Amino acid sequence: MASAVISSSPFVCKSSTKVKGLGFSSFPKPSQISVHRCQKKSIVSVMAPQRSSPATSGSVKTGMTMTEKILAKAAEKSQVVPGDNIWVNVDVLMTHDVCGPGAFGIFKREFGDNAKVWDPEKIVVIPDHYIFTTDKRANRNVDIMREHCREQNIKYFYDITDLGDFRANPDYKGVCHVALAQEGHCRPGEVLLGTDSHTCTAGAFGQFATGIGNTDAGFVLGTGKILLKVPPTMRFILDGEMPSYLQAKDLILQIIGEISVAGATYKTMEFSGTTIESLSMEERMTLCNMVVEAGGKNGVIPPDATTFNYVENRTSVPFEPVYSDGNASFVADYRFDVSKLEPVVAKPHSPDNRALARECKDVKIDRVYIGSCTGGKTEDFMAAAKLLHAAGKQVKVPTFLVPATKKVWMDVYALPVPGAGGKTCAQIFEEAGCDTPTSPSCGACLGGPADTYARLNEPQVCVSTTNRNFPGRMGNKEGQIYLASPYTAAASALTGHVTDPREFLQ
């Protein structure tokens, strides 16, 4: 549905083959030019003007989007356009226990048994997928990664050896996409690649982040470079005050439901607007995390004070933020009036099978799962605990809690929930009858071995804060997964049906 203004509908879309930038809030104002310091290391960020000046020849230079600028810099080029095939210098390569052995195997096969990686300080290895299991093959994957990291002297290997108590492992972190941010590996203006499709999460920090396969990763391990095609950019402008009952998960499910799981195939999804500016870093991560569910190559959000504060508290590595030019070209513009949106879910068996949560009130559920890189961050658990505390009731179905990382687990037990009289998430969860928060990992988000905690081993109906609901995604092929926000998941746990969180938050 297209229109020239925001109507009573929550969204307005305007698309064309070449849409010019119109100076929305994602573009920097002159007053935004500033000096950013990372623990005594200063970075001067020079914001691009909204309109470029004519060159001496009389021609006008074509503006670039954020993604185009990042890739141009990484390719040592002054200008790139969508469709260009360019060799890009990589800033960070991440891999984990599922894909790491294969990536290192390809590296050795192609570069030789005695070859050394291009830079052992730019490779991050994070065991997180199949960790707390007795499956010997899964355990062997972590052993293989340990051998490679020792051989290559990889600086950032977040190892785990004691599976009985994750707290006994000083280096273990948990889910890679959340750990990358918490450990300071996400920085504006950089290129971050990972052997996982949800690597796009890091685009929340204003960088180019995307998932790659093992073959590409093997090549990057040896050279620090990758051949990429520059993607065109779609722009999503979200304005309006965020209702108290909505979360970023609702926003991204709304968008995916609008454009479909193929709507952004090999495109950048750039998010801007006053609503985006109001989001915390963790909520921005949720938004970018699921762009791949729309087929997106990457998601990206213009960095601002929220970004800089988060990054500068976690790293001393200099970074250089970039922003889309005022005359950059976008293949489509989508506008949303967030104040008019309602809580939504994605029904089985696709992330774009969108429905209002209140429309699914007759759907009886068997369990609730709160966790993953999408919905297992500190703020996600805080939200669920807030709703449960406000309701003051017991859950009616098993409710499984899987913190994404060790830090999130600690926050669940240590941080007081605002407005809950000093109670922590863990205390509220216990009072509500939820399962005890378990060891941090990817858990049952992608099924895993049969003994994976909270795996869907039977054809049950589950409301989940995860990112995918394809048949078999969380285990049983006949299981039905409703993707939802932490608010909606917690509300559903209290009723035993898919439930609009406004029943308990208003």
# chains A, B, ... in the order shown; residues from 1 in each chain; ligands from 1
call {"tool": "residues_around", "arguments": {"residues": "Lys116 (chain A)", "least_positions_apart": "3", "cutoff": "9 Å", "atoms": "only C-alpha atoms", "output": "list of chain:residue names"}}
result
A:Lys108, A:Phe111, A:Gly112, A:Asp113, A:Asp119, A:Pro120, A:Glu151, A:Gln152, A:Leu221, A:Gly222
call {"tool": "residues_around", "arguments": {"residues": "region 459-468 of chain A", "least_positions_apart": "4", "cutoff": "8 Å", "atoms": "only C-alpha atoms", "output": "count of residues only"}}
result
33
call {"tool": "residues_around", "arguments": {"residues": "Arg354 (chain A)", "least_positions_apart": "4", "cutoff": "6 Å", "atoms": "only C-alpha atoms", "output": "PyMOL selection string"}}
result
chain A and resi 257+345-346
call {"tool": "write_last_selection", "arguments": {"atoms": "C-alpha atoms", "output": "mmCIF file, in the first residue's frame"}}
result
data_model
loop_
_atom_site.group_PDB
_atom_site.id
_atom_site.type_symbol
_atom_site.label_atom_id
_atom_site.label_comp_id
_atom_site.auth_asym_id
_atom_site.auth_seq_id
_atom_site.Cartn_x
_atom_site.Cartn_y
_atom_site.Cartn_z
ATOM 1 C CA GLY A 257 5.675 -9.833 7.268
ATOM 2 C CA VAL A 345 3.800 -13.111 16.080
ATOM 3 C CA ALA A 346 5.075 -15.176 13.170
#
call {"tool": "residues_around", "arguments": {"residues": "Gly213 (chain A)", "least_positions_apart": "5", "cutoff": "9 Å", "atoms": "only C-alpha atoms", "output": "PyMOL selection string"}}
result
chain A and resi 99+103+194-197+218
call {"tool": "write_last_selection", "arguments": {"atoms": "all heavy atoms", "output": "CSV table (one decimal), in the first residue's frame"}}
result
chain,number,residue,atom,x,y,z
A,99,CYS,N,30.8,-24.6,12.5
A,99,CYS,CA,31.5,-24.3,11.2
A,99,CYS,C,33.0,-24.2,11.2
A,99,CYS,O,33.6,-24.3,10.2
A,99,CYS,CB,30.9,-23.1,10.6
A,99,CYS,SG,29.1,-23.2,10.2
A,103,ALA,N,35.8,-24.8,8.3
A,103,ALA,CA,36.6,-23.6,7.8
A,103,ALA,C,38.1,-23.8,7.9
A,103,ALA,O,38.8,-23.5,6.9
A,103,ALA,CB,36.1,-22.4,8.5
A,194,GLY,N,31.2,-13.7,9.5
A,194,GLY,CA,31.1,-14.9,10.4
A,194,GLY,C,30.5,-16.1,9.7
A,194,GLY,O,29.7,-15.9,8.8
A,195,THR,N,30.8,-17.2,10.2
A,195,THR,CA,30.3,-18.5,9.6
A,195,THR,C,29.0,-18.8,10.2
A,195,THR,O,28.7,-19.9,10.7
A,195,THR,CB,31.3,-19.6,9.7
A,195,THR,OG1,31.5,-19.8,11.1
A,195,THR,CG2,32.6,-19.4,9.0
A,196,ASP,N,28.1,-17.8,10.2
A,196,ASP,CA,26.8,-18.0,10.8
A,196,ASP,C,25.9,-16.9,10.2
A,196,ASP,O,26.3,-15.8,10.1
A,196,ASP,CB,26.8,-17.8,12.3
A,196,ASP,CG,25.5,-18.2,13.0
A,196,ASP,OD1,24.5,-17.4,12.8
A,196,ASP,OD2,25.4,-19.2,13.7
A,197,SER,N,24.7,-17.3,9.8
A,197,SER,CA,23.8,-16.4,9.0
A,197,SER,C,23.4,-15.2,9.9
A,197,SER,O,23.0,-14.1,9.3
A,197,SER,CB,22.6,-17.1,8.5
A,197,SER,OG,21.8,-17.7,9.6
A,218,GLY,N,37.5,-20.2,4.9
A,218,GLY,CA,38.8,-20.7,4.7
A,218,GLY,C,39.7,-19.8,3.9
A,218,GLY,O,40.9,-19.7,4.3
call {"tool": "select_by_dssp", "arguments": {"residues": "region 128-308 of chain A", "states": "strand (DSSP E)", "output": "count of residues only"}}
result
30
call {"tool": "closest_residue", "arguments": {"among": "A:Ile126, A:Val338, A:Ala493, A:Met234", "to": "Asn141 (chain A)", "atoms": "only C-alpha atoms"}}
result
A:Ile126
call {"tool": "select_by_dssp", "arguments": {"residues": "region 221-328 of chain A", "states": "helix (DSSP H, G or I)", "output": "NGL selection string"}}
result
:A and (221-223 or 248-259 or 274-278 or 281-289 or 291-294 or 305-312)
call {"tool": "write_last_selection", "arguments": {"atoms": "C-alpha atoms", "output": "PDB file, in the first residue's frame"}}
result
ATOM      1  CA  LEU A 221      41.663 -17.248   7.176  1.00  0.00           C
ATOM      2  CA  GLY A 222      44.555 -17.370   4.721  1.00  0.00           C
ATOM      3  CA  THR A 223      44.307 -13.947   3.092  1.00  0.00           C
ATOM      4  CA  ALA A 248      12.170  -4.554  18.560  1.00  0.00           C
ATOM      5  CA  LYS A 249      11.073  -8.138  17.869  1.00  0.00           C
ATOM      6  CA  ASP A 250       7.620  -6.809  17.010  1.00  0.00           C
ATOM      7  CA  LEU A 251       9.163  -4.262  14.638  1.00  0.00           C
ATOM      8  CA  ILE A 252      11.236  -6.738  12.673  1.00  0.00           C
ATOM      9  CA  LEU A 253       8.405  -9.291  12.471  1.00  0.00           C
ATOM     10  CA  GLN A 254       6.180  -6.498  11.178  1.00  0.00           C
ATOM     11  CA  ILE A 255       8.739  -5.624   8.502  1.00  0.00           C
ATOM     12  CA  ILE A 256       9.394  -9.220   7.444  1.00  0.00           C
ATOM     13  CA  GLY A 257       5.675  -9.833   7.268  1.00  0.00           C
ATOM     14  CA  GLU A 258       5.376  -6.822   4.991  1.00  0.00           C
ATOM     15  CA  ILE A 259       8.163  -7.616   2.510  1.00  0.00           C
ATOM     16  CA  THR A 274      13.188   8.652  15.524  1.00  0.00           C
ATOM     17  CA  THR A 275      12.065   5.238  16.789  1.00  0.00           C
ATOM     18  CA  ILE A 276      15.398   3.678  15.873  1.00  0.00           C
ATOM     19  CA  GLU A 277      17.247   6.498  17.601  1.00  0.00           C
ATOM     20  CA  SER A 278      15.319   5.753  20.804  1.00  0.00           C
ATOM     21  CA  MET A 281      21.862  -1.272  21.585  1.00  0.00           C
ATOM     22  CA  GLU A 282      20.369  -4.634  22.510  1.00  0.00           C
ATOM     23  CA  GLU A 283      17.077  -3.762  20.820  1.00  0.00           C
ATOM     24  CA  ARG A 284      18.958  -2.560  17.735  1.00  0.00           C
ATOM     25  CA  MET A 285      20.766  -5.900  17.710  1.00  0.00           C
ATOM     26  CA  THR A 286      17.403  -7.698  17.687  1.00  0.00           C
ATOM     27  CA  LEU A 287      16.314  -5.637  14.698  1.00  0.00           C
ATOM     28  CA  CYS A 288      19.446  -6.354  12.638  1.00  0.00           C
ATOM     29  CA  ASN A 289      19.613  -9.969  13.781  1.00  0.00           C
ATOM     30  CA  VAL A 291      17.299  -9.188   8.410  1.00  0.00           C
ATOM     31  CA  VAL A 292      18.552 -12.503   7.044  1.00  0.00           C
ATOM     32  CA  GLU A 293      15.022 -13.851   7.611  1.00  0.00           C
ATOM     33  CA  ALA A 294      13.966 -11.416   4.878  1.00  0.00           C
ATOM     34  CA  ALA A 305      25.797   8.447  20.983  1.00  0.00           C
ATOM     35  CA  THR A 306      24.101   5.208  22.089  1.00  0.00           C
ATOM     36  CA  THR A 307      26.457   3.248  19.836  1.00  0.00           C
ATOM     37  CA  PHE A 308      29.570   5.129  20.864  1.00  0.00           C
ATOM     38  CA  ASN A 309      28.840   4.786  24.583  1.00  0.00           C
ATOM     39  CA  TYR A 310      28.416   1.026  24.241  1.00  0.00           C
ATOM     40  CA  VAL A 311      31.501   0.491  22.073  1.00  0.00           C
ATOM     41  CA  GLU A 312      33.858   2.798  23.922  1.00  0.00           C
TER      42      GLU A 312
END
call {"tool": "atom_distance", "arguments": {"atom1": "CA of Lys77 (chain A)", "atom2": "CA of Gly206 (chain A)"}}
result
19.4 Å
call {"tool": "atom_distance", "arguments": {"atom1": "CA of Glu121 (chain A)", "atom2": "CA of Tyr323 (chain A)"}}
result
27.3 Å
call {"tool": "closest_residue", "arguments": {"among": "A:Val408, A:Tyr453, A:Phe219, A:Val92", "to": "Ala115 (chain A)", "atoms": "only C-alpha atoms"}}
result
A:Phe219
call {"tool": "closest_residue", "arguments": {"among": "A:Cys186, A:Pro232, A:Met94, A:Val220", "to": "Pro318 (chain A)", "atoms": "only C-alpha atoms"}}
result
A:Cys186
call {"tool": "atom_distance", "arguments": {"atom1": "CA of Gly174 (chain A)", "atom2": "CA of Leu388 (chain A)"}}
result
25.5 Å
call {"tool": "residues_around", "arguments": {"residues": "Arg146 (chain A)", "least_positions_apart": "6", "cutoff": "10 Å", "atoms": "only C-alpha atoms", "output": "JSON, numbers by chain"}}
result
{"A": [97, 101, 125, 127, 140, 152, 154, 157, 158, 159, 160, 161]}
call {"tool": "write_last_selection", "arguments": {"atoms": "N, CA and C atoms", "output": "PDB file, in the first residue's frame"}}
result
ATOM      1  N   ASP A  97      31.771 -23.513  16.881  1.00  0.00           N
ATOM      2  CA  ASP A  97      32.045 -24.942  16.921  1.00  0.00           C
ATOM      3  C   ASP A  97      31.402 -25.730  15.788  1.00  0.00           C
ATOM      4  N   PRO A 101      35.511 -26.107  12.445  1.00  0.00           N
ATOM      5  CA  PRO A 101      36.339 -27.215  11.968  1.00  0.00           C
ATOM      6  C   PRO A 101      36.378 -27.304  10.448  1.00  0.00           C
ATOM      7  N   VAL A 125      36.990 -16.977  17.786  1.00  0.00           N
ATOM      8  CA  VAL A 125      36.412 -18.326  17.781  1.00  0.00           C
ATOM      9  C   VAL A 125      35.588 -18.507  19.050  1.00  0.00           C
ATOM     10  N   PRO A 127      32.902 -21.084  20.800  1.00  0.00           N
ATOM     11  CA  PRO A 127      32.041 -22.268  20.937  1.00  0.00           C
ATOM     12  C   PRO A 127      30.705 -21.849  21.557  1.00  0.00           C
ATOM     13  N   ARG A 140      33.602 -33.251  20.043  1.00  0.00           N
ATOM     14  CA  ARG A 140      34.817 -33.309  19.247  1.00  0.00           C
ATOM     15  C   ARG A 140      35.016 -32.027  18.445  1.00  0.00           C
ATOM     16  N   GLN A 152      47.508 -22.041  15.799  1.00  0.00           N
ATOM     17  CA  GLN A 152      47.573 -20.751  15.102  1.00  0.00           C
ATOM     18  C   GLN A 152      47.746 -19.562  16.056  1.00  0.00           C
ATOM     19  N   ILE A 154      45.613 -18.236  18.114  1.00  0.00           N
ATOM     20  CA  ILE A 154      44.460 -17.346  18.020  1.00  0.00           C
ATOM     21  C   ILE A 154      44.244 -16.665  19.365  1.00  0.00           C
ATOM     22  N   PHE A 157      40.011 -16.902  21.546  1.00  0.00           N
ATOM     23  CA  PHE A 157      39.330 -18.198  21.554  1.00  0.00           C
ATOM     24  C   PHE A 157      38.673 -18.345  22.917  1.00  0.00           C
ATOM     25  N   TYR A 158      37.346 -18.332  22.936  1.00  0.00           N
ATOM     26  CA  TYR A 158      36.600 -18.357  24.184  1.00  0.00           C
ATOM     27  C   TYR A 158      36.241 -19.797  24.527  1.00  0.00           C
ATOM     28  N   ASP A 159      37.206 -20.485  25.077  1.00  0.00           N
ATOM     29  CA  ASP A 159      37.166 -21.936  25.252  1.00  0.00           C
ATOM     30  C   ASP A 159      36.261 -22.380  26.398  1.00  0.00           C
ATOM     31  N   ILE A 160      35.826 -23.642  26.303  1.00  0.00           N
ATOM     32  CA  ILE A 160      35.111 -24.297  27.393  1.00  0.00           C
ATOM     33  C   ILE A 160      35.586 -25.741  27.480  1.00  0.00           C
ATOM     34  N   THR A 161      35.958 -26.161  28.686  1.00  0.00           N
ATOM     35  CA  THR A 161      36.420 -27.536  28.902  1.00  0.00           C
ATOM     36  C   THR A 161      35.565 -28.272  29.925  1.00  0.00           C
TER      37      THR A 161
END
call {"tool": "residues_around", "arguments": {"residues": "Gly83 (chain A)", "least_positions_apart": "4", "cutoff": "9 Å", "atoms": "only C-alpha atoms", "output": "VMD selection string"}}
result
chain A and resid 229 to 232
call {"tool": "write_last_selection", "arguments": {"atoms": "C-alpha atoms", "output": "PDB file, in the first residue's frame"}}
result
ATOM      1  CA  LYS A 229      29.226  -8.021  -4.666  1.00  0.00           C
ATOM      2  CA  VAL A 230      28.074  -4.631  -3.429  1.00  0.00           C
ATOM      3  CA  PRO A 231      24.396  -4.944  -2.437  1.00  0.00           C
ATOM      4  CA  PRO A 232      21.747  -2.322  -3.191  1.00  0.00           C
TER       5      PRO A 232
END
